[in-house]
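Worksheet: the structure to be examined is printed underneath.
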Amino acid sequence: MTTKILYVRLPCNPIFPIGVVYLADHIHKQFPDVEQRIFDLGTVPPLEFNQTLDQVVDEFQPNLLVFSWRDIQIYAPVGGRGGNPLQNAFEFYYAKNPLTRLRGALGGLKVATAYYGELWRNLGLIKRGLQRAKRYCPQARVVVGGGAVSVFYEQMQQLLPQGSIVSVGEGETLLEKLLRGQDLRSERCYVVGENQPRERMIHEEPTPLEKTACNYDYIESVWPAFDYYLQDNDFYIGVQTKRGCPHNCCYCVYTVVEGKQVRINPADEVVAEMRQLYERGIRNFWFTDAQFIPARKFIKDTEELLEKIIDSGMEDIHWAAYIRADNLTPKLCDLMVKTGMNYFEIGITSGSQELVRKMRMGYNLRTVLENCQDLKAAGFNDLVSVNYSFNVIDETVETIRQTIAYHRALERIFGADKVEPAIFFIGLQPHTHLEGYALNKGILNPGYNPMSLMPWTARKLLWNPEPLGSFFGEVCLQAWQQNPNDFGREVMKILEERLGCAPLEDALSAPIREEQRGNLRKELVALT
């Protein structure tokens with residue numbers, strides 16, 4: 001019997017489904033006779049999910065369904081799921097006006113309803129697709145993976161159909177073994193109802209894989225809706241240049257999902273993949289690596305890639321990425337500008353060197369500033385998004401002042417209109433150092449459900465602990481009221497008005513003194 005694989009990307013924001021595309025490409029190269037089809041529910045109107053899934057299954061009659069589930073946890077500083085989850089939570093928890101608290105409660109109820117609705121809808125789509133496929137092949141199986149499943153894989157065994165294969169992280173070698181009928185126990189996966197996920201399975205290293213350029217002629221032939229992402233030039237199409245992240249940032253789960261071993265994709269293969277998309281009219285690329293330059297040892301690889309992009313003649317492209325700016329060099333800065341980088345994100349989390357160390361991020365904030373000056377000198381005049389996650393570990397009034405000082409320094413380099421502060425409050429995720437910290441401190445109880453959106457759990461998972469939690473809640477509520485369309489800049493403005501700005505040198509080098517920590521509550525009382 002011919003193997004027929006249907007890849008189903010479950011509904012999410014219209015982001016190019018790079019994971020599913022790479023899976024289908026890899027399997028085609030290893031098993032040319034396997035028939036495949038890609039079905040992206042992100043391109044389908046919500047009212048047509050069930051009907052369209054049925055039609056696709058009826059037409060293709062797969063015996064293996066691979067579901068990609070990207071999003072579960074909802075904490076974010078932007079709109080979604082019918083509202084702004086962060087704003088609703090802060091209005092409910094921190095607003096002094098009863099009507100505002102009521103609005104937050106109603107908004108939170110709407111978000112929670114949407115969250116659980118999406119959760120059960122996606123589970124229903126998985127079950128529906130499998131049941132429909134079994135009409136044509138009683139032995140049909142299902143694999144469920146993707147970012148959401150990789151993070152919450154332990155909870156999936158209570159939710160998915162018996163016999164479902166739950167995949168953590170990369171899925172290429174898992175699918176290879178499944179198609180060959182080989183034992184799957186060495187892969188990061190488990191079968192619902194047959195075995196339990198291994199202890200700390202997510203921390204196991206993924207199987208190394210040599211990546212070659214995606215064959216987009218083939219992808220186009222098995223994905224009828226491929227043109228959906230080509231018709232609007234605003235889309236950034238994903239291209240991966242490496243996998244893995246060597247860092248230990250306390251709140252980040254990338255390093256365990258992708259593994260600490262950084263695996264570089266050959267520059268010629270990356271450029272060949274970009275060229276295929278370029279010839280289809282794509283001019284905007286997003287390098288989907290956890291970190292585009294994860295460490296200084298990979299600078300030469302990045303230089304080689306950018307030099308080959310220049311040599312390719314693709315002169316009218318733009319690209320963006322998540323970048324550790326402490327790893328920039330003057331040569332890299334020059335190459336970035338020449339190759340069309342027009343946006344990048346840096347996640348420094350805090351502008352206090354002391355807190356950066358405590359969060360295990362490995363940044364030298366002074367080096368970041370110096371390298372940003374090099375980037376500006378090379379001619380970069382576009383947008384920088386700087387991610388700040390206030391109140392993570394040992395935040396004080398002084399470290400807030402230091403973060404303000406650091407942000408103002410970035411504005412002096414790039415221009416205040418070019419530096420966009422993205423204000424996050426960490427959504428605590430399982431398998432991270434921050435989760436371990438919360439369990440050790442008794443903030444979370446062993447056996448808690450990380451997928452719960454009940455108020456008593458959500459308040460802990462939306463990380464904003466006291467004594468600063470209420471203060472940040474008040475500041476954020478004021479910012480939403482005063483300037484909701486420029487929330488990040490308004491937060492920074494309010495914080496500076498209330499707390500002042502530390503000398504920049506304190507942010508770059510000064511440790512936090514114990515007496516400052518002890519006086520935190522007194523300072524907060526005086527400020528409010």
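In the structure tokens, chains take letters A, B, ... by order of appearance, with residues numbered from 1 within each chain and ligands from 1 in the order shown.
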
**Asked** What lies within 6 Å of A:Asn284 using only C-alpha atoms, ignoring chain neighbours under 4 positions off, as a ChimeraX atom specification?
**Response** /A:236,317-319

I need the residues from that last selection saved to file as a PDB file, in the first residue's frame (with N, CA and C atoms), if you can.
ATOM      1  N   TYR A 236       6.718  38.045   5.484  1.00  0.00           N
ATOM      2  CA  TYR A 236       8.115  37.604   5.563  1.00  0.00           C
ATOM      3  C   TYR A 236       8.103  36.078   5.502  1.00  0.00           C
ATOM      4  N   ILE A 317      16.287  42.609  -1.844  1.00  0.00           N
ATOM      5  CA  ILE A 317      15.592  41.886  -0.776  1.00  0.00           C
ATOM      6  C   ILE A 317      15.692  42.646   0.540  1.00  0.00           C
ATOM      7  N   HIS A 318      14.813  42.259   1.469  1.00  0.00           N
ATOM      8  CA  HIS A 318      14.911  42.688   2.859  1.00  0.00           C
ATOM      9  C   HIS A 318      14.827  41.453   3.733  1.00  0.00           C
ATOM     10  N   TRP A 319      15.443  41.529   4.894  1.00  0.00           N
ATOM     11  CA  TRP A 319      15.352  40.400   5.807  1.00  0.00           C
ATOM     12  C   TRP A 319      15.352  40.892   7.241  1.00  0.00           C
TER      13      TRP A 319
END

For A:His26, find every residue with an atom within 10 Å (counting only C-alpha atoms), except residues of its own chain fewer than 5 positions away, and show them as a PDB file with N, CA and C atoms, in the first residue's frame.
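What landed in selection36.pdb:
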ATOM      1  N   VAL A  20       6.192  22.540   8.726  1.00  0.00           N
ATOM      2  CA  VAL A  20       5.511  21.562   7.881  1.00  0.00           C
ATOM      3  C   VAL A  20       6.185  21.474   6.513  1.00  0.00           C
ATOM      4  N   VAL A  21       6.562  22.601   5.966  1.00  0.00           N
ATOM      5  CA  VAL A  21       7.220  22.632   4.655  1.00  0.00           C
ATOM      6  C   VAL A  21       8.533  21.856   4.699  1.00  0.00           C
ATOM      7  N   PHE A  31      12.141   9.571   0.754  1.00  0.00           N
ATOM      8  CA  PHE A  31      11.164   8.579   0.273  1.00  0.00           C
ATOM      9  C   PHE A  31      10.416   9.173  -0.929  1.00  0.00           C
ATOM     10  N   PRO A  32      11.036   9.201  -2.104  1.00  0.00           N
ATOM     11  CA  PRO A  32      10.413   9.858  -3.265  1.00  0.00           C
ATOM     12  C   PRO A  32       9.063   9.271  -3.652  1.00  0.00           C
ATOM     13  N   GLY A 171      10.932  16.725  13.831  1.00  0.00           N
ATOM     14  CA  GLY A 171      10.198  15.515  13.514  1.00  0.00           C
ATOM     15  C   GLY A 171      10.738  14.706  12.352  1.00  0.00           C
ATOM     16  N   GLU A 172      11.826  15.154  11.714  1.00  0.00           N
ATOM     17  CA  GLU A 172      12.291  14.484  10.501  1.00  0.00           C
ATOM     18  C   GLU A 172      12.679  13.029  10.741  1.00  0.00           C
ATOM     19  N   THR A 173      13.550  12.791  11.720  1.00  0.00           N
ATOM     20  CA  THR A 173      14.009  11.408  11.916  1.00  0.00           C
ATOM     21  C   THR A 173      12.906  10.530  12.505  1.00  0.00           C
ATOM     22  N   LEU A 175       9.706  10.708  11.643  1.00  0.00           N
ATOM     23  CA  LEU A 175       8.907  10.270  10.496  1.00  0.00           C
ATOM     24  C   LEU A 175       9.661   9.248   9.656  1.00  0.00           C
ATOM     25  N   GLU A 176      10.975   9.435   9.527  1.00  0.00           N
ATOM     26  CA  GLU A 176      11.776   8.445   8.797  1.00  0.00           C
ATOM     27  C   GLU A 176      11.609   7.058   9.418  1.00  0.00           C
ATOM     28  N   LYS A 211      20.927  19.569   6.608  1.00  0.00           N
ATOM     29  CA  LYS A 211      19.823  20.253   5.925  1.00  0.00           C
ATOM     30  C   LYS A 211      20.253  20.717   4.548  1.00  0.00           C
ATOM     31  N   THR A 212      19.436  20.438   3.540  1.00  0.00           N
ATOM     32  CA  THR A 212      19.672  20.929   2.186  1.00  0.00           C
ATOM     33  C   THR A 212      18.552  21.881   1.797  1.00  0.00           C
ATOM     34  N   ALA A 213      18.752  22.599   0.704  1.00  0.00           N
ATOM     35  CA  ALA A 213      17.771  23.597   0.277  1.00  0.00           C
ATOM     36  C   ALA A 213      16.414  22.949   0.036  1.00  0.00           C
ATOM     37  N   CYS A 214      15.386  23.579   0.560  1.00  0.00           N
ATOM     38  CA  CYS A 214      14.024  23.098   0.338  1.00  0.00           C
ATOM     39  C   CYS A 214      13.699  23.154  -1.150  1.00  0.00           C
ATOM     40  N   ASN A 215      13.085  22.107  -1.658  1.00  0.00           N
ATOM     41  CA  ASN A 215      12.694  22.028  -3.062  1.00  0.00           C
ATOM     42  C   ASN A 215      11.291  22.617  -3.218  1.00  0.00           C
TER      43      ASN A 215
END

**Request:** Tell me, as a list in words, which residues lie within 7 Å of A:Leu102, counting only C-alpha atoms; anything in the same chain fewer than 4 positions away does not count.
**Result:**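 Final neighbour list, sorted by chain and number: Phe92, Pro98 and Leu106 of chain A.
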
**Item:** Secondary structure check, strand (DSSP E) residues of stretch 73-240 of chain A, as a list in words
**Value:**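 Put together, the selection reads Arg141, Val142, Val143, Val144, Gly145, Ile165, Val166, Ser167, Cys189, Tyr190, Val191, Ile237, Gly238 and Val239 of chain A.
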
Any chance you can output those residues with N, CA and C atoms as a CSV table (one decimal), in the first residue's frame?
chain,number,residue,atom,x,y,z
A,141,ARG,N,-2.8,6.4,11.0
A,141,ARG,CA,-2.2,6.9,12.3
A,141,ARG,C,-2.1,8.4,12.3
A,142,VAL,N,-1.8,8.9,13.5
A,142,VAL,CA,-1.7,10.4,13.6
A,142,VAL,C,-0.4,10.7,14.4
A,143,VAL,N,0.3,11.7,13.9
A,143,VAL,CA,1.5,12.2,14.6
A,143,VAL,C,1.1,13.7,14.9
A,144,VAL,N,1.3,14.1,16.2
A,144,VAL,CA,1.0,15.5,16.6
A,144,VAL,C,2.3,16.1,17.1
A,145,GLY,N,2.7,17.2,16.5
A,145,GLY,CA,3.9,17.9,16.9
A,145,GLY,C,3.7,19.4,16.8
A,165,ILE,N,0.9,9.6,18.2
A,165,ILE,CA,2.3,9.7,18.4
A,165,ILE,C,2.6,11.2,18.7
A,166,VAL,N,3.1,11.5,19.9
A,166,VAL,CA,3.4,12.9,20.3
A,166,VAL,C,4.8,13.1,20.1
A,167,SER,N,5.1,14.1,19.2
A,167,SER,CA,6.5,14.4,18.8
A,167,SER,C,7.0,15.7,19.5
A,189,CYS,N,9.7,11.2,21.5
A,189,CYS,CA,8.3,11.0,21.3
A,189,CYS,C,7.7,9.9,22.2
A,190,TYR,N,6.4,9.8,22.3
A,190,TYR,CA,5.7,8.7,22.9
A,190,TYR,C,4.4,8.4,22.3
A,191,VAL,N,3.8,7.3,22.5
A,191,VAL,CA,2.5,6.9,21.9
A,191,VAL,C,1.5,6.9,23.0
A,237,ILE,N,8.8,35.5,4.5
A,237,ILE,CA,8.8,34.1,4.4
A,237,ILE,C,10.0,33.5,5.1
A,238,GLY,N,9.7,32.5,5.9
A,238,GLY,CA,10.7,31.9,6.8
A,238,GLY,C,11.8,31.1,6.0
A,239,VAL,N,13.0,31.3,6.4
A,239,VAL,CA,14.2,30.5,5.9
A,239,VAL,C,15.0,30.2,7.2

**Request:** Quick one: everything within 12 Å of A:Thr329, counting only C-alpha atoms, minus sequence neighbours fewer than 6 positions away in the same chain. Send it as a ChimeraX atom specification.
**Result:** /A:293,295-296,298-300,302-303,335-336,367-378

Using N, CA, C and O atoms, can you export the residues from the last selection as a CSV table (one decimal), in the first residue's frame?
chain,number,residue,atom,x,y,z
A,293,ILE,N,22.7,34.9,15.2
A,293,ILE,CA,24.1,34.8,15.6
A,293,ILE,C,24.2,34.3,17.0
A,293,ILE,O,24.4,35.1,17.9
A,295,ALA,N,26.3,32.8,18.9
A,295,ALA,CA,27.6,32.9,19.7
A,295,ALA,C,28.7,33.4,18.8
A,295,ALA,O,28.6,33.3,17.6
A,296,ARG,N,29.8,33.9,19.4
A,296,ARG,CA,30.8,34.4,18.6
A,296,ARG,C,31.5,33.4,17.7
A,296,ARG,O,32.0,33.7,16.6
A,298,PHE,N,30.1,31.4,15.8
A,298,PHE,CA,29.4,31.3,14.6
A,298,PHE,C,29.4,32.5,13.7
A,298,PHE,O,28.7,32.6,12.7
A,299,ILE,N,30.2,33.5,14.1
A,299,ILE,CA,30.3,34.8,13.3
A,299,ILE,C,30.8,34.5,11.9
A,299,ILE,O,30.2,35.0,10.9
A,300,LYS,N,31.8,33.6,11.7
A,300,LYS,CA,32.3,33.4,10.4
A,300,LYS,C,31.2,32.7,9.5
A,300,LYS,O,31.2,33.0,8.3
A,302,THR,N,28.0,33.2,9.7
A,302,THR,CA,27.1,34.2,9.3
A,302,THR,C,27.7,35.1,8.2
A,302,THR,O,27.0,35.5,7.3
A,303,GLU,N,28.9,35.5,8.4
A,303,GLU,CA,29.6,36.3,7.4
A,303,GLU,C,29.6,35.6,6.0
A,303,GLU,O,29.3,36.2,5.0
A,335,LEU,N,27.8,44.0,6.4
A,335,LEU,CA,27.2,42.9,5.5
A,335,LEU,C,25.7,42.9,5.7
A,335,LEU,O,24.9,42.7,4.8
A,336,MET,N,25.2,43.1,7.0
A,336,MET,CA,23.8,43.2,7.3
A,336,MET,C,23.1,44.3,6.5
A,336,MET,O,22.0,44.1,5.9
A,367,THR,N,28.8,45.8,25.6
A,367,THR,CA,29.2,45.3,24.2
A,367,THR,C,28.0,45.5,23.3
A,367,THR,O,28.2,45.8,22.1
A,368,VAL,N,26.8,45.2,23.7
A,368,VAL,CA,25.6,45.4,22.9
A,368,VAL,C,25.5,46.8,22.4
A,368,VAL,O,25.3,47.1,21.2
A,369,LEU,N,25.7,47.8,23.3
A,369,LEU,CA,25.7,49.2,22.9
A,369,LEU,C,26.7,49.5,21.9
A,369,LEU,O,26.5,50.2,20.9
A,370,GLU,N,27.9,49.1,22.2
A,370,GLU,CA,29.0,49.4,21.2
A,370,GLU,C,28.8,48.8,19.9
A,370,GLU,O,29.0,49.4,18.8
A,371,ASN,N,28.2,47.6,19.8
A,371,ASN,CA,27.9,46.9,18.5
A,371,ASN,C,26.8,47.6,17.8
A,371,ASN,O,26.7,47.7,16.6
A,372,CYS,N,25.8,48.1,18.6
A,372,CYS,CA,24.7,48.9,18.0
A,372,CYS,C,25.2,50.2,17.3
A,372,CYS,O,24.7,50.6,16.3
A,373,GLN,N,26.2,50.8,18.0
A,373,GLN,CA,26.8,52.0,17.4
A,373,GLN,C,27.5,51.6,16.1
A,373,GLN,O,27.4,52.4,15.1
A,374,ASP,N,28.1,50.4,16.0
A,374,ASP,CA,28.8,50.0,14.8
A,374,ASP,C,27.7,49.8,13.7
A,374,ASP,O,27.9,50.1,12.5
A,375,LEU,N,26.6,49.2,14.1
A,375,LEU,CA,25.5,48.9,13.1
A,375,LEU,C,25.0,50.3,12.6
A,375,LEU,O,24.7,50.4,11.4
A,376,LYS,N,24.8,51.2,13.4
A,376,LYS,CA,24.3,52.6,13.0
A,376,LYS,C,25.4,53.2,12.1
A,376,LYS,O,25.0,53.8,11.0
A,377,ALA,N,26.6,53.1,12.4
A,377,ALA,CA,27.7,53.6,11.6
A,377,ALA,C,27.7,53.0,10.2
A,377,ALA,O,28.1,53.6,9.2
A,378,ALA,N,27.3,51.7,10.1
A,378,ALA,CA,27.3,51.0,8.8
A,378,ALA,C,26.1,51.4,8.0
A,378,ALA,O,26.1,51.0,6.8
